[in-house]
file entry-v5.pdb (PDB, C-alpha atoms)
ATOM      1  CA  MET F   1      90.603 240.102  93.592
ATOM      2  CA  THR F   2      87.837 237.617  94.403
ATOM      3  CA  THR F   3      85.794 237.512  97.549
ATOM      4  CA  PRO F   4      86.772 234.657  99.893
ATOM      5  CA  SER F   5      84.412 231.702  99.758
ATOM      6  CA  GLN F   6      81.984 231.172 102.589
ATOM      7  CA  THR F   7      80.791 227.947 104.136
ATOM      8  CA  VAL F   8      77.834 226.884 106.230
ATOM      9  CA  GLY F   9      80.285 226.446 109.099
ATOM     10  CA  PRO F  10      82.196 226.363 111.369
ATOM     11  CA  PHE F  11      78.983 227.405 113.095
ATOM     12  CA  PHE F  12      77.176 224.394 111.619
ATOM     13  CA  ALA F  13      76.713 222.299 114.685
ATOM     14  CA  LEU F  14      73.687 220.122 115.097
ATOM     15  CA  PRO F  15      71.629 222.169 117.517
ATOM     16  CA  ASP F  16      69.042 220.494 119.662
ATOM     17  CA  GLY F  17      65.809 220.489 117.728
ATOM     18  CA  LEU F  18      67.312 220.020 114.264
ATOM     19  CA  PRO F  19      67.341 216.259 114.696
ATOM     20  CA  TRP F  20      64.148 215.048 116.328
ATOM     21  CA  PRO F  21      63.513 211.728 118.109
ATOM     22  CA  ASP F  22      61.528 210.029 115.325
ATOM     23  CA  GLY F  23      63.334 211.814 112.472
ATOM     24  CA  PRO F  24      64.924 208.646 111.063
ATOM     25  CA  GLY F  25      61.583 206.820 111.257
ATOM     26  CA  VAL F  26      59.838 207.771 108.015
ATOM     27  CA  VAL F  27      57.558 204.844 108.857
ATOM     28  CA  ALA F  28      56.870 203.216 112.210
ATOM     29  CA  GLU F  29      58.696 200.108 113.294
ATOM     30  CA  GLY F  30      56.745 197.051 112.163
ATOM     31  CA  THR F  31      55.282 198.760 109.085
ATOM     32  CA  PRO F  32      54.770 196.126 106.366
ATOM     33  CA  GLY F  33      57.563 196.396 103.801
ATOM     34  CA  ALA F  34      59.692 198.632 106.037
ATOM     35  CA  VAL F  35      63.428 198.616 105.392
ATOM     36  CA  VAL F  36      66.270 200.272 107.263
ATOM     37  CA  ILE F  37      68.882 202.083 105.199
ATOM     38  CA  ARG F  38      72.187 202.538 107.018
ATOM     39  CA  GLY F  39      75.306 204.324 105.920
ATOM     40  CA  VAL F  40      78.309 206.414 106.828
ATOM     41  CA  VAL F  41      79.189 209.906 105.633
ATOM     42  CA  TYR F  42      82.914 210.074 104.726
ATOM     43  CA  ASP F  43      85.014 213.169 104.033
ATOM     44  CA  GLY F  44      87.592 213.510 101.249
ATOM     45  CA  ALA F  45      90.253 211.787 103.344
ATOM     46  CA  GLY F  46      87.982 208.788 103.933
ATOM     47  CA  GLN F  47      87.302 209.745 107.549
ATOM     48  CA  PRO F  48      83.768 209.568 109.020
ATOM     49  CA  VAL F  49      81.965 212.902 109.411
ATOM     50  CA  PRO F  50      80.583 212.942 112.976
ATOM     51  CA  ASP F  51      78.381 216.011 112.668
ATOM     52  CA  ALA F  52      76.524 215.755 109.368
ATOM     53  CA  MET F  53      72.786 215.707 108.783
ATOM     54  CA  ILE F  54      71.029 213.501 106.241
ATOM     55  CA  GLU F  55      67.532 214.500 105.115
ATOM     56  CA  THR F  56      65.397 212.320 102.878
ATOM     57  CA  TRP F  57      62.252 213.034 100.853
ATOM     58  CA  GLN F  58      60.330 210.434  98.929
ATOM     59  CA  ALA F  59      57.039 209.414  97.407
ATOM     60  CA  SER F  60      54.728 206.893  99.049
ATOM     61  CA  PRO F  61      54.656 203.248  97.891
ATOM     62  CA  THR F  62      52.036 204.305  95.324
ATOM     63  CA  GLY F  63      54.326 207.013  93.938
ATOM     64  CA  ARG F  64      52.347 209.930  95.379
ATOM     65  CA  PHE F  65      53.231 212.900  97.568
ATOM     66  CA  ASP F  66      51.053 214.412 100.285
ATOM     67  CA  HIS F  67      51.970 217.845  98.963
ATOM     68  CA  PRO F  68      50.095 220.478  96.954
ATOM     69  CA  ASP F  69      52.907 220.577  94.354
ATOM     70  CA  ASP F  70      52.329 216.952  93.321
ATOM     71  CA  PRO F  71      51.237 217.498  89.694
ATOM     72  CA  ARG F  72      48.603 214.774  90.061
ATOM     73  CA  GLY F  73      47.128 216.524  93.094
ATOM     74  CA  ALA F  74      47.975 216.057  96.748
ATOM     75  CA  VAL F  75      46.823 212.857  98.341
ATOM     76  CA  ASP F  76      46.693 212.045 102.023
ATOM     77  CA  GLU F  77      47.866 208.468 102.403
ATOM     78  CA  GLY F  78      49.132 209.061 105.941
ATOM     79  CA  PHE F  79      52.713 208.877 104.671
ATOM     80  CA  ARG F  80      55.148 211.516 105.920
ATOM     81  CA  GLY F  81      57.801 210.905 103.251
ATOM     82  CA  PHE F  82      60.421 213.030 105.064
ATOM     83  CA  GLY F  83      63.214 211.747 107.269
ATOM     84  CA  ARG F  84      66.134 213.313 109.089
ATOM     85  CA  SER F  85      69.096 211.568 110.697
ATOM     86  CA  ALA F  86      72.140 213.127 112.309
ATOM     87  CA  THR F  87      75.380 211.191 112.019
ATOM     88  CA  ASP F  88      76.898 209.799 115.193
ATOM     89  CA  ALA F  89      80.552 209.967 116.336
ATOM     90  CA  GLU F  90      81.451 207.347 113.690
ATOM     91  CA  GLY F  91      79.626 209.197 110.885
ATOM     92  CA  ARG F  92      76.758 206.677 110.838
ATOM     93  CA  PHE F  93      73.156 207.479 109.945
ATOM     94  CA  TRP F  94      69.999 205.441 109.409
ATOM     95  CA  ILE F  95      66.508 205.832 107.974
ATOM     96  CA  ARG F  96      63.568 203.410 108.313
ATOM     97  CA  THR F  97      61.261 203.692 105.322
ATOM     98  CA  VAL F  98      59.455 201.783 102.587
ATOM     99  CA  LYS F  99      60.261 201.549  98.891
ATOM    100  CA  PRO F 100      58.626 204.455  97.061
ATOM    101  CA  GLY F 101      56.596 203.876  93.943
ATOM    102  CA  PRO F 102      57.830 205.020  90.542
ATOM    103  CA  LEU F 103      57.177 208.628  89.571
ATOM    104  CA  PRO F 104      55.742 209.683  86.211
ATOM    105  CA  THR F 105      57.867 211.803  83.890
ATOM    106  CA  PRO F 106      56.451 214.521  81.589
ATOM    107  CA  ASP F 107      57.079 212.339  78.510
ATOM    108  CA  GLY F 108      54.957 209.466  79.859
ATOM    109  CA  GLY F 109      57.869 207.436  81.184
ATOM    110  CA  ALA F 110      58.738 206.748  84.800
ATOM    111  CA  GLU F 111      61.512 207.440  87.249
ATOM    112  CA  ALA F 112      62.705 204.372  89.126
ATOM    113  CA  PRO F 113      61.867 204.135  92.827
ATOM    114  CA  HIS F 114      64.312 206.415  94.625
ATOM    115  CA  ILE F 115      64.783 208.619  97.663
ATOM    116  CA  ASP F 116      66.027 212.200  97.365
ATOM    117  CA  VAL F 117      68.818 212.927  99.853
ATOM    118  CA  THR F 118      70.208 216.202 101.179
ATOM    119  CA  VAL F 119      73.547 216.244 103.003
ATOM    120  CA  LEU F 120      74.389 219.128 105.354
ATOM    121  CA  ALA F 121      77.691 219.390 107.193
ATOM    122  CA  ARG F 122      80.302 221.753 108.533
ATOM    123  CA  GLY F 123      82.570 223.047 105.784
ATOM    124  CA  LEU F 124      80.120 222.606 102.905
ATOM    125  CA  LEU F 125      79.538 225.663 100.749
ATOM    126  CA  GLN F 126      75.954 224.534 100.173
ATOM    127  CA  ARG F 127      73.785 221.522 100.748
ATOM    128  CA  LEU F 128      74.564 218.483  98.629
ATOM    129  CA  VAL F 129      71.758 216.611  96.879
ATOM    130  CA  THR F 130      71.866 213.010  95.719
ATOM    131  CA  ARG F 131      69.545 210.026  95.342
ATOM    132  CA  ILE F 132      69.285 206.485  96.663
ATOM    133  CA  TYR F 133      68.085 203.898  94.140
ATOM    134  CA  TRP F 134      66.989 200.352  95.004
ATOM    135  CA  PRO F 135      69.341 197.483  94.031
ATOM    136  CA  ASP F 136      66.487 195.157  93.036
ATOM    137  CA  GLU F 137      65.123 197.563  90.386
ATOM    138  CA  GLU F 138      67.628 196.864  87.582
ATOM    139  CA  GLN F 139      65.126 197.360  84.749
ATOM    140  CA  ALA F 140      63.582 200.519  86.229
ATOM    141  CA  ASN F 141      67.039 201.891  87.102
ATOM    142  CA  ALA F 142      68.226 201.319  83.519
ATOM    143  CA  ALA F 143      65.252 203.325  82.185
ATOM    144  CA  ASP F 144      65.393 206.117  84.791
ATOM    145  CA  PRO F 145      66.102 209.423  82.993
ATOM    146  CA  VAL F 146      68.121 210.910  85.863
ATOM    147  CA  LEU F 147      70.238 207.823  86.533
ATOM    148  CA  SER F 148      70.746 207.365  82.776
ATOM    149  CA  ALA F 149      72.196 210.890  82.570
ATOM    150  CA  VAL F 150      74.961 209.912  85.024
ATOM    151  CA  PRO F 151      78.091 208.354  83.463
ATOM    152  CA  ALA F 152      77.830 204.555  83.723
ATOM    153  CA  GLU F 153      80.947 204.204  85.885
ATOM    154  CA  LEU F 154      79.479 206.594  88.497
ATOM    155  CA  ARG F 155      75.970 205.120  88.728
ATOM    156  CA  PRO F 156      76.910 202.583  91.436
ATOM    157  CA  THR F 157      77.437 205.504  93.868
ATOM    158  CA  LEU F 158      73.661 206.094  93.698
ATOM    159  CA  ILE F 159      72.471 202.508  94.179
ATOM    160  CA  ALA F 160      72.126 201.078  97.671
ATOM    161  CA  HIS F 161      73.521 197.615  98.419
ATOM    162  CA  GLN F 162      71.653 194.788 100.094
ATOM    163  CA  ASP F 163      73.157 194.116 103.537
ATOM    164  CA  GLY F 164      71.197 191.288 105.132
ATOM    165  CA  ASP F 165      67.665 192.560 105.795
ATOM    166  CA  GLU F 166      68.803 196.172 105.417
ATOM    167  CA  LEU F 167      70.152 198.413 102.684
ATOM    168  CA  ARG F 168      73.552 200.102 102.818
ATOM    169  CA  PHE F 169      74.213 203.524 101.296
ATOM    170  CA  ASP F 170      77.436 205.351 102.151
ATOM    171  CA  VAL F 171      77.984 208.989 101.219
ATOM    172  CA  ARG F 172      81.493 209.951 100.101
ATOM    173  CA  LEU F 173      81.864 213.732  99.945
ATOM    174  CA  GLN F 174      85.088 213.676  97.875
ATOM    175  CA  GLY F 175      87.826 211.366  96.650
ATOM    176  CA  ASP F 176      87.714 207.757  95.502
ATOM    177  CA  GLY F 177      84.156 206.564  95.030
ATOM    178  CA  GLU F 178      82.762 210.088  95.519
ATOM    179  CA  THR F 179      78.970 210.042  95.557
ATOM    180  CA  VAL F 180      77.312 211.716  92.579
ATOM    181  CA  PHE F 181      75.720 214.991  93.670
ATOM    182  CA  PHE F 182      73.255 216.967  91.573
ATOM    183  CA  ASP F 183      73.549 220.681  90.834
ATOM    184  CA  LEU F 184      70.071 222.040  91.636
TER
END
call {"tool": "encode", "arguments": {"input": "entry-v5.pdb", "output": "structure tokens"}}
result
Amino acid sequence: MTTPSQTVGPFFALPDGLPWPDGPGVVAEGTPGAVVIRGVVYDGAGQPVPDAMIETWQASPTGRFDHPDDPRGAVDEGFRGFGRSATDAEGRFWIRTVKPGPLPTPDGGAEAPHIDVTVLARGLLQRLVTRIYWPDEEQANAADPVLSAVPAELRPTLIAHQDGDELRFDVRLQGDGETVFFDL
């Protein structure tokens, strides 16, 4: 007999303090090159998830991290690189950021500009990890080793869509159009 599976909920409720007031603002309003990424988290039935948390981590516009684990050495560019947005009653989230620079790969290539995304929500067995790629980086996206490893028909779930002056990136946890998640 197997042990019953466990989830991060039903106790996963967004406690005060997990989201913080400027969490979605990776960069300040008015920052040159700033873009807002908006989306909705949907469950397997296509319903919005009103109590999810989206966390983002990214390189600066020069492709560097202010972190000691950056293999090129930490650099302080005054760029936080981390964002956190709780979904609202309609499952909506947003992040204000700038396009990250490409990241070097061990073989001398480059990863396309992207944002790493973690999804946390009630009922998930573990956090889900995905990426947001820029729609105007066709050549870099085509050469990206991670995106290239994803079956071609699923790659669009990782590429944001231009929506006026903003980008749109919906997260589908299951079902039709399910977002590609990475097993880390």
call {"tool": "resolve_selection", "arguments": {"input": "entry-v5.pdb", "expression": "the PyMOL selection byres ((chain F and resi 110) around 12)", "output": "list in words"}}
result
Gly63, Gly101, Pro102, Leu103, Pro104, Thr105, Pro106, Asp107, Gly108, Gly109, Glu111, Ala112, Pro113, His114, Gln139, Ala140, Asn141, Ala142, Ala143, Asp144, Pro145, Val146 and Leu147 of chain F
call {"tool": "closest_residue", "arguments": {"input": "entry-v5.pdb", "among": "F:Asp165, F:Glu137, F:Asp51, F:Asp176", "to": "Thr87 of chain F", "atoms": "all atoms listed in the file"}}
result
F:Asp51
call {"tool": "atom_distance", "arguments": {"input": "entry-v5.pdb", "atom1": "atom CA of Gly44 of chain F", "atom2": "atom CA of Val26 of chain F"}}
result
29.1 Å
call {"tool": "atom_distance", "arguments": {"input": "entry-v5.pdb", "atom1": "atom CA of Arg168 of chain F", "atom2": "atom CA of Arg38 of chain F"}}
result
5.0 Å
call {"tool": "residues_near_point", "arguments": {"input": "entry-v5.pdb", "point": "(64.7, 211.1, 107.1)", "cutoff": "8 Å", "atoms": "all atoms listed in the file", "output": "PyMOL selection string"}}
result
chain F and resi 23-26+54-57+81-85+95-96
call {"tool": "atom_distance", "arguments": {"input": "entry-v5.pdb", "atom1": "atom CA of Val27 of chain F", "atom2": "atom CA of Lys99 of chain F"}}
result
10.8 Å
